[in-house]
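Asks: Pasting a structure here, questions to come.
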Amino acid sequence: MNGTYVITEYKDKIMGFLLDEKRLCDVEFFNEEDILFNVYSAKVVDHVPSIGAAFLDAGLGDTLYYPLKENENKHLFIKHGKTNELRPQDEILIQVSKSPVKTKKAEASSDISFTGNYVVVNRSGRVNISKKIHDKDKVNKLKEELGKLLSSESDYDSGIIIRTAAEEADVETVLNEAEQLLQHQQDVIKKGICSVPFKLIDSCNEDHISFVKNLIIRKCYDELTVITDQADILKSLKSGVDVGPVNIKFYSDDMVSLLNLYGIEDKLSKAMARKVYLKSGGYLIIDPTEALTVIDVNSGKSQGGKKDKDDYLLKLNKEAFDKIINLAQLRNMSGIIIVDFMNIKDKEKNIELIRYLKNASLRDNLLNFVDMTGLGLAEFTRKKISKPLNELINE
């Protein structure tokens, strides 16, 4: 399968549009002012045990939400009192872990982490490895060598996660990257804890490079083309994308814009509609509310034989869920998602559907299948890390 990643201006914003063949499957919003994953020195302005949180001032104009339980015993103090417990006026080092969404504040974490091609360096204090790596000898070798690296060259409870892509790389390449990221983490933390409040210590502002590198490393496509009409982004891509095969192009036709060339506006309009059609003739009705998102699956003009109706409904439900996964990623859906699938009477086929929902959910690492209710409603949750797409486009 071939992929095309288009980076261009849309509604006065630089955005990236990923297409599988001709299907729009992801939209990225690049904002130089985005604070996600930036590291700051901050001051505790309020400590609220009743809600299990503190509120921090990092000089950003609004306070950051800091969950206490998730960061227990991990605080990186710059200045504090006689106790290790967090108190107002304490100064700590944090990383922004979630962007602000609607009325919710941005969230901060003391788990200062950095993602590379093959590993993630964090503050878990241990080596973890992707379950999708099946070479046991390689797993054991990586665990042994990375364990030695942590014990000899790290501080601040550093940990390492070995990503799935490491299976395709040699051990030395993975170790070199882990050592570099670990050193960067140590340097950032040392710099931060010697700083004063309200300072930006480390910034992550080249999202387009990280996104492209991730596509290559995960081997998402047989052939990947990146095309942009932004000269500065072309320059940074050519210097920053240093892994794997990718075709990077510059587009300079003044007669037809990239948006029109790939029909992106039409694809966006259809994907963001309340009613979304399936190839079979069925359709989805998507209703986002303040508390949750409700999705209704309908057969529409889709036709199934009377003798094998449950087989037909099972196939339709699977097709619908494949589309829902795509739309959840595209729209940045988050929170509770309730799906009313077509009713299947056969118990075995219902079990097969549930099995499919569980397995297919793994394609999106933010999506989690919870349960099927007594009324036949499928319950999901999806982790919130950024604003919904419609907000990003229209703000």
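A note on labels: chains of the structure tokens are A, B, ... as shown, every chain counts residues from 1, and ligands are counted from 1 in their shown order.
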Each residue of region 148-217 of chain A with at least one atom at most 12 Å from region 7-11 of chain A should appear once, together with its nearest atom pair and the corresponding distance in Å (one decimal); atoms considered: only C-alpha atoms; ordering: chain, then increasing residue number; output as a Markdown table.

Replies:
| residue | atom | partner | partner_atom | distance |
| --- | --- | --- | --- | --- |
| A:Asp207 | CA | A:Ile7 | CA | 11.5 |
| A:His208 | CA | A:Ile7 | CA | 8.3 |
| A:Ile209 | CA | A:Ile7 | CA | 11.1 |
| A:Phe211 | CA | A:Ile7 | CA | 11.4 |
| A:Val212 | CA | A:Ile7 | CA | 10.8 |

Asks: Name all residues at most 10 Å from Val370 (chain A) (count only C-alpha atoms; drop same-chain ones fewer than 4 positions away) and give them as a list in words.

Replies: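 After dropping sequence-adjacent residues, the list is Ile336, Ile337, Leu357, Lys358, Ala378, Glu379, Phe380 and Thr381 of chain A.
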
Asks: Could you name the residues that touch region 197-204 of chain A at 12 Å or less, counting only C-alpha atoms, but leaving out those on the same chain fewer than 5 positions away, as a VMD selection string?

Replies: chain A and resid 30 to 45 56 to 64 77 to 79 89 to 97 112 to 115 184 to 192 209 to 210

Asks: Looking at only C-alpha atoms, which of A:Tyr5, A:Tyr221, A:Phe29, A:Phe17 is the one that sits closest to Leu389 (chain A)?

Replies: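 With only C-alpha atoms as the atom set, the closest residue is A:Phe29.
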
Asks: Just asking: which residues within region 196-263 of chain A are strand (DSSP E or B) according to DSSP, as a list in words?

Replies: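 DSSP-assigned strand (DSSP E or B) residues in region 196-263 of chain A: Lys199, Leu200, Ile201, Asp202, Glu223, Leu224, Thr225, Val226, Ile227, Thr228, Asn247, Ile248, Lys249 and Phe250 of chain A.
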
Asks: Nearest to Tyr283 (chain A): which of A:Pro49, A:Gly3, A:Pro100, A:Gly300 is it, counting only C-alpha atoms?

Replies: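 Looking at the shortest contact to Tyr283 (chain A), the residue is A:Gly300.
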
Asks: Which residue, A:Ile227, A:Leu313, A:Ile161, A:Leu175, has the smallest gap to Lys141 (chain A) when you use only C-alpha atoms?

Replies: A:Leu175

Asks: Could you pull the residues within 12 Å of Pro245 (chain A), counting only C-alpha atoms, minus those fewer than 2 positions along the same chain, as a PDB file with all heavy atoms, in the first residue's frame?

Replies:
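Output below, filename selection_3.pdb:
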ATOM      1  N   VAL A 212       6.659  11.858  10.174  1.00  0.00           N
ATOM      2  CA  VAL A 212       7.159  11.153   8.991  1.00  0.00           C
ATOM      3  C   VAL A 212       8.097  10.014   9.401  1.00  0.00           C
ATOM      4  O   VAL A 212       7.995   8.895   8.872  1.00  0.00           O
ATOM      5  CB  VAL A 212       7.875  12.129   8.035  1.00  0.00           C
ATOM      6  CG1 VAL A 212       8.575  11.369   6.915  1.00  0.00           C
ATOM      7  CG2 VAL A 212       6.872  13.125   7.447  1.00  0.00           C
ATOM      8  N   LYS A 213       8.988  10.279  10.339  1.00  0.00           N
ATOM      9  CA  LYS A 213       9.922   9.244  10.786  1.00  0.00           C
ATOM     10  C   LYS A 213       9.173   8.061  11.390  1.00  0.00           C
ATOM     11  O   LYS A 213       9.531   6.903  11.191  1.00  0.00           O
ATOM     12  CB  LYS A 213      10.912   9.826  11.793  1.00  0.00           C
ATOM     13  CG  LYS A 213      11.930  10.762  11.165  1.00  0.00           C
ATOM     14  CD  LYS A 213      12.766  11.485  12.196  1.00  0.00           C
ATOM     15  CE  LYS A 213      13.735  10.584  12.905  1.00  0.00           C
ATOM     16  NZ  LYS A 213      14.649  11.335  13.793  1.00  0.00           N
ATOM     17  N   LEU A 215       6.145   7.026  10.620  1.00  0.00           N
ATOM     18  CA  LEU A 215       5.525   6.267   9.532  1.00  0.00           C
ATOM     19  C   LEU A 215       6.531   5.321   8.886  1.00  0.00           C
ATOM     20  O   LEU A 215       6.213   4.171   8.556  1.00  0.00           O
ATOM     21  CB  LEU A 215       4.961   7.211   8.470  1.00  0.00           C
ATOM     22  CG  LEU A 215       3.739   8.064   8.833  1.00  0.00           C
ATOM     23  CD1 LEU A 215       3.426   9.014   7.687  1.00  0.00           C
ATOM     24  CD2 LEU A 215       2.534   7.188   9.143  1.00  0.00           C
ATOM     25  N   ILE A 216       7.761   5.807   8.708  1.00  0.00           N
ATOM     26  CA  ILE A 216       8.800   4.999   8.067  1.00  0.00           C
ATOM     27  C   ILE A 216       9.218   3.840   8.957  1.00  0.00           C
ATOM     28  O   ILE A 216       9.299   2.689   8.518  1.00  0.00           O
ATOM     29  CB  ILE A 216      10.022   5.876   7.727  1.00  0.00           C
ATOM     30  CG1 ILE A 216       9.632   6.972   6.734  1.00  0.00           C
ATOM     31  CG2 ILE A 216      11.150   5.019   7.154  1.00  0.00           C
ATOM     32  CD1 ILE A 216      10.697   8.038   6.558  1.00  0.00           C
ATOM     33  N   ILE A 217       9.451   4.137  10.222  1.00  0.00           N
ATOM     34  CA  ILE A 217       9.940   3.119  11.155  1.00  0.00           C
ATOM     35  C   ILE A 217       8.916   2.018  11.369  1.00  0.00           C
ATOM     36  O   ILE A 217       9.257   0.837  11.476  1.00  0.00           O
ATOM     37  CB  ILE A 217      10.327   3.784  12.497  1.00  0.00           C
ATOM     38  CG1 ILE A 217      11.554   4.669  12.295  1.00  0.00           C
ATOM     39  CG2 ILE A 217      10.600   2.743  13.568  1.00  0.00           C
ATOM     40  CD1 ILE A 217      11.745   5.682  13.374  1.00  0.00           C
ATOM     41  N   LYS A 219       6.900   1.024   9.230  1.00  0.00           N
ATOM     42  CA  LYS A 219       6.683   0.390   7.928  1.00  0.00           C
ATOM     43  C   LYS A 219       5.200   0.359   7.554  1.00  0.00           C
ATOM     44  O   LYS A 219       4.639  -0.671   7.180  1.00  0.00           O
ATOM     45  CB  LYS A 219       7.263  -1.029   7.927  1.00  0.00           C
ATOM     46  CG  LYS A 219       8.773  -1.054   8.098  1.00  0.00           C
ATOM     47  CD  LYS A 219       9.339  -2.456   7.960  1.00  0.00           C
ATOM     48  CE  LYS A 219      10.853  -2.443   8.034  1.00  0.00           C
ATOM     49  NZ  LYS A 219      11.439  -3.778   7.906  1.00  0.00           N
ATOM     50  N   CYS A 220       4.582   1.533   7.682  1.00  0.00           N
ATOM     51  CA  CYS A 220       3.150   1.645   7.399  1.00  0.00           C
ATOM     52  C   CYS A 220       2.846   1.490   5.911  1.00  0.00           C
ATOM     53  O   CYS A 220       1.740   1.084   5.552  1.00  0.00           O
ATOM     54  CB  CYS A 220       2.634   2.997   7.888  1.00  0.00           C
ATOM     55  SG  CYS A 220       2.760   3.229   9.670  1.00  0.00           S
ATOM     56  N   TYR A 221       3.819   1.822   5.056  1.00  0.00           N
ATOM     57  CA  TYR A 221       3.555   1.825   3.616  1.00  0.00           C
ATOM     58  C   TYR A 221       4.700   1.174   2.847  1.00  0.00           C
ATOM     59  O   TYR A 221       5.867   1.233   3.272  1.00  0.00           O
ATOM     60  CB  TYR A 221       3.355   3.261   3.113  1.00  0.00           C
ATOM     61  CG  TYR A 221       2.232   3.979   3.818  1.00  0.00           C
ATOM     62  CD1 TYR A 221       2.487   4.879   4.841  1.00  0.00           C
ATOM     63  CD2 TYR A 221       0.912   3.728   3.470  1.00  0.00           C
ATOM     64  CE1 TYR A 221       1.449   5.521   5.504  1.00  0.00           C
ATOM     65  CE2 TYR A 221      -0.134   4.362   4.115  1.00  0.00           C
ATOM     66  CZ  TYR A 221       0.147   5.258   5.129  1.00  0.00           C
ATOM     67  OH  TYR A 221      -0.888   5.880   5.787  1.00  0.00           O
ATOM     68  N   ASP A 222       4.344   0.567   1.707  1.00  0.00           N
ATOM     69  CA  ASP A 222       5.370   0.046   0.806  1.00  0.00           C
ATOM     70  C   ASP A 222       6.161   1.199   0.195  1.00  0.00           C
ATOM     71  O   ASP A 222       7.361   1.097  -0.028  1.00  0.00           O
ATOM     72  CB  ASP A 222       4.727  -0.792  -0.307  1.00  0.00           C
ATOM     73  CG  ASP A 222       3.954  -1.981   0.254  1.00  0.00           C
ATOM     74  OD1 ASP A 222       4.461  -2.611   1.199  1.00  0.00           O
ATOM     75  OD2 ASP A 222       2.850  -2.259  -0.252  1.00  0.00           O
ATOM     76  N   GLU A 223       5.450   2.278  -0.079  1.00  0.00           N
ATOM     77  CA  GLU A 223       6.093   3.474  -0.631  1.00  0.00           C
ATOM     78  C   GLU A 223       5.443   4.704  -0.012  1.00  0.00           C
ATOM     79  O   GLU A 223       4.222   4.840  -0.014  1.00  0.00           O
ATOM     80  CB  GLU A 223       5.941   3.508  -2.151  1.00  0.00           C
ATOM     81  CG  GLU A 223       6.641   4.692  -2.811  1.00  0.00           C
ATOM     82  CD  GLU A 223       6.510   4.675  -4.324  1.00  0.00           C
ATOM     83  OE1 GLU A 223       6.437   3.570  -4.899  1.00  0.00           O
ATOM     84  OE2 GLU A 223       6.464   5.776  -4.916  1.00  0.00           O
ATOM     85  N   LEU A 224       6.267   5.601   0.535  1.00  0.00           N
ATOM     86  CA  LEU A 224       5.764   6.811   1.186  1.00  0.00           C
ATOM     87  C   LEU A 224       6.284   8.045   0.448  1.00  0.00           C
ATOM     88  O   LEU A 224       7.481   8.189   0.221  1.00  0.00           O
ATOM     89  CB  LEU A 224       6.207   6.872   2.651  1.00  0.00           C
ATOM     90  CG  LEU A 224       5.826   8.151   3.416  1.00  0.00           C
ATOM     91  CD1 LEU A 224       4.311   8.295   3.525  1.00  0.00           C
ATOM     92  CD2 LEU A 224       6.465   8.160   4.807  1.00  0.00           C
ATOM     93  N   THR A 225       5.345   8.924   0.070  1.00  0.00           N
ATOM     94  CA  THR A 225       5.691  10.188  -0.570  1.00  0.00           C
ATOM     95  C   THR A 225       5.255  11.334   0.336  1.00  0.00           C
ATOM     96  O   THR A 225       4.117  11.356   0.805  1.00  0.00           O
ATOM     97  CB  THR A 225       4.991  10.331  -1.937  1.00  0.00           C
ATOM     98  OG1 THR A 225       5.435   9.285  -2.806  1.00  0.00           O
ATOM     99  CG2 THR A 225       5.318  11.677  -2.569  1.00  0.00           C
ATOM    100  N   VAL A 226       6.170  12.253   0.593  1.00  0.00           N
ATOM    101  CA  VAL A 226       5.848  13.459   1.356  1.00  0.00           C
ATOM    102  C   VAL A 226       5.954  14.638   0.409  1.00  0.00           C
ATOM    103  O   VAL A 226       6.987  14.845  -0.235  1.00  0.00           O
ATOM    104  CB  VAL A 226       6.810  13.647   2.546  1.00  0.00           C
ATOM    105  CG1 VAL A 226       6.437  14.904   3.330  1.00  0.00           C
ATOM    106  CG2 VAL A 226       6.787  12.429   3.454  1.00  0.00           C
ATOM    107  N   VAL A 241      14.775  14.069   8.364  1.00  0.00           N
ATOM    108  CA  VAL A 241      14.323  12.693   8.170  1.00  0.00           C
ATOM    109  C   VAL A 241      15.521  11.854   7.727  1.00  0.00           C
ATOM    110  O   VAL A 241      15.932  11.890   6.567  1.00  0.00           O
ATOM    111  CB  VAL A 241      13.185  12.613   7.124  1.00  0.00           C
ATOM    112  CG1 VAL A 241      12.777  11.168   6.899  1.00  0.00           C
ATOM    113  CG2 VAL A 241      11.991  13.436   7.588  1.00  0.00           C
ATOM    114  N   ASP A 242      16.075  11.126   8.677  1.00  0.00           N
ATOM    115  CA  ASP A 242      17.333  10.410   8.435  1.00  0.00           C
ATOM    116  C   ASP A 242      17.176   8.899   8.515  1.00  0.00           C
ATOM    117  O   ASP A 242      18.144   8.170   8.706  1.00  0.00           O
ATOM    118  CB  ASP A 242      18.388  10.860   9.442  1.00  0.00           C
ATOM    119  CG  ASP A 242      17.912  10.736  10.880  1.00  0.00           C
ATOM    120  OD1 ASP A 242      16.761  10.311  11.092  1.00  0.00           O
ATOM    121  OD2 ASP A 242      18.690  11.049  11.792  1.00  0.00           O
ATOM    122  N   VAL A 243      15.936   8.408   8.382  1.00  0.00           N
ATOM    123  CA  VAL A 243      15.710   6.962   8.455  1.00  0.00           C
ATOM    124  C   VAL A 243      14.861   6.504   7.275  1.00  0.00           C
ATOM    125  O   VAL A 243      13.950   7.202   6.838  1.00  0.00           O
ATOM    126  CB  VAL A 243      14.995   6.550   9.772  1.00  0.00           C
ATOM    127  CG1 VAL A 243      15.895   6.783  10.959  1.00  0.00           C
ATOM    128  CG2 VAL A 243      13.687   7.309   9.941  1.00  0.00           C
ATOM    129  N   ASN A 247      10.125   9.483  -0.318  1.00  0.00           N
ATOM    130  CA  ASN A 247      10.253  10.388  -1.450  1.00  0.00           C
ATOM    131  C   ASN A 247       9.724  11.756  -1.033  1.00  0.00           C
ATOM    132  O   ASN A 247       8.520  11.937  -0.870  1.00  0.00           O
ATOM    133  CB  ASN A 247       9.474   9.826  -2.646  1.00  0.00           C
ATOM    134  CG  ASN A 247       9.694  10.637  -3.907  1.00  0.00           C
ATOM    135  OD1 ASN A 247      10.614  11.448  -3.976  1.00  0.00           O
ATOM    136  ND2 ASN A 247       8.852  10.425  -4.892  1.00  0.00           N
ATOM    137  N   ILE A 248      10.623  12.714  -0.842  1.00  0.00           N
ATOM    138  CA  ILE A 248      10.239  14.058  -0.399  1.00  0.00           C
ATOM    139  C   ILE A 248      10.219  14.991  -1.601  1.00  0.00           C
ATOM    140  O   ILE A 248      11.213  15.131  -2.309  1.00  0.00           O
ATOM    141  CB  ILE A 248      11.213  14.582   0.673  1.00  0.00           C
ATOM    142  CG1 ILE A 248      11.213  13.652   1.886  1.00  0.00           C
ATOM    143  CG2 ILE A 248      10.826  15.998   1.091  1.00  0.00           C
ATOM    144  CD1 ILE A 248      12.243  14.004   2.936  1.00  0.00           C
TER     145      ILE A 248
END

Asks: Do you know which residues are at most 12 Å from Asp229 (chain A) counting only C-alpha atoms, after dropping those on the same chain fewer than 4 positions away, and could you put them as a CSV table (one decimal) with N, CA, C and O atoms, in the first residue's frame?

Replies:
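Saved result, part-v2.csv, follows:
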chain,number,residue,atom,x,y,z
A,5,TYR,N,1.8,11.9,2.1
A,5,TYR,CA,1.6,12.8,3.2
A,5,TYR,C,1.8,14.2,2.7
A,5,TYR,O,2.8,14.6,2.2
A,6,VAL,N,0.7,15.0,2.7
A,6,VAL,CA,0.6,16.3,2.2
A,6,VAL,C,0.7,17.4,3.3
A,6,VAL,O,-0.1,17.3,4.2
A,7,ILE,N,1.7,18.2,3.2
A,7,ILE,CA,1.9,19.3,4.2
A,7,ILE,C,1.7,20.6,3.5
A,7,ILE,O,2.4,21.0,2.6
A,8,THR,N,0.6,21.4,3.9
A,8,THR,CA,0.3,22.6,3.3
A,8,THR,C,-0.5,23.5,4.2
A,8,THR,O,-0.8,23.1,5.4
A,9,GLU,N,-0.9,24.7,3.7
A,9,GLU,CA,-1.6,25.6,4.6
A,9,GLU,C,-3.1,25.4,4.3
A,9,GLU,O,-3.6,25.3,3.2
A,10,TYR,N,-3.9,25.4,5.4
A,10,TYR,CA,-5.3,25.2,5.4
A,10,TYR,C,-5.9,26.1,6.4
A,10,TYR,O,-5.6,26.0,7.6
A,14,ILE,N,-0.7,25.6,9.2
A,14,ILE,CA,0.0,24.5,8.5
A,14,ILE,C,-0.4,23.2,9.1
A,14,ILE,O,-0.4,22.9,10.3
A,15,MET,N,-0.9,22.3,8.1
A,15,MET,CA,-1.4,21.1,8.5
A,15,MET,C,-0.9,20.0,7.6
A,15,MET,O,-0.5,20.2,6.5
A,16,GLY,N,-0.9,18.7,8.2
A,16,GLY,CA,-0.5,17.6,7.4
A,16,GLY,C,-1.6,16.6,7.2
A,16,GLY,O,-2.4,16.4,8.1
A,233,ILE,N,9.6,24.0,5.5
A,233,ILE,CA,9.3,22.6,5.9
A,233,ILE,C,10.0,21.6,5.0
A,233,ILE,O,10.6,20.6,5.5
A,234,LEU,N,10.1,21.9,3.7
A,234,LEU,CA,10.9,21.0,2.8
A,234,LEU,C,12.4,20.9,3.3
A,234,LEU,O,12.9,19.8,3.4
A,235,LYS,N,12.9,22.1,3.6
A,235,LYS,CA,14.3,22.1,4.1
A,235,LYS,C,14.5,21.3,5.4
A,235,LYS,O,15.5,20.5,5.5
A,248,ILE,N,10.6,12.7,-0.8
A,248,ILE,CA,10.2,14.1,-0.4
A,248,ILE,C,10.2,15.0,-1.6
A,248,ILE,O,11.2,15.1,-2.3
A,249,LYS,N,9.1,15.6,-1.8
A,249,LYS,CA,8.9,16.5,-3.0
A,249,LYS,C,8.4,17.9,-2.6
A,249,LYS,O,7.8,18.1,-1.6
A,250,PHE,N,8.8,18.8,-3.5
A,250,PHE,CA,8.3,20.2,-3.4
A,250,PHE,C,7.3,20.5,-4.5
A,250,PHE,O,7.6,20.2,-5.7
A,251,TYR,N,6.2,21.1,-4.1
A,251,TYR,CA,5.1,21.4,-5.1
A,251,TYR,C,5.1,22.9,-5.3
A,251,TYR,O,4.9,23.6,-4.4
A,252,SER,N,5.1,23.3,-6.6
A,252,SER,CA,5.2,24.7,-6.9
A,252,SER,C,4.3,25.2,-8.0
A,252,SER,O,4.5,26.2,-8.6
A,253,ASP,N,3.2,24.4,-8.2
A,253,ASP,CA,2.3,24.8,-9.3
A,253,ASP,C,1.3,25.8,-8.7
A,253,ASP,O,0.5,25.5,-7.8
A,254,ASP,N,1.3,27.0,-9.3
A,254,ASP,CA,0.4,28.1,-8.8
A,254,ASP,C,-1.0,28.0,-9.4
A,254,ASP,O,-1.9,28.6,-8.9
A,256,VAL,N,-2.9,25.1,-9.5
A,256,VAL,CA,-3.7,24.1,-8.7
A,256,VAL,C,-3.0,23.9,-7.4
A,256,VAL,O,-1.9,23.5,-7.3
A,257,SER,N,-3.8,24.2,-6.3
A,257,SER,CA,-3.2,24.1,-5.0
A,257,SER,C,-3.1,22.6,-4.6
A,257,SER,O,-3.8,21.7,-5.2
A,258,LEU,N,-2.3,22.3,-3.6
A,258,LEU,CA,-2.2,20.9,-3.1
A,258,LEU,C,-3.6,20.4,-2.6
A,258,LEU,O,-3.9,19.3,-2.7
A,259,LEU,N,-4.3,21.3,-1.9
A,259,LEU,CA,-5.6,21.0,-1.4
A,259,LEU,C,-6.5,20.5,-2.5
A,259,LEU,O,-7.2,19.5,-2.4

Asks: Which residues, written as a list of chain:residue names, have at least one atom at most 10 Å from Asp111 (chain A), with only C-alpha atoms counted and residues fewer than 5 positions away on the same chain left out?

Replies: A:Glu70, A:Asn71, A:Lys74, A:His75, A:Leu76, A:Leu93, A:Ile94, A:Gln95, A:Val96, A:Ser97, A:Val121, A:Asn122, A:Arg123, A:Ser124, A:Tyr156, A:Asp157, A:Ser158, A:Gly159
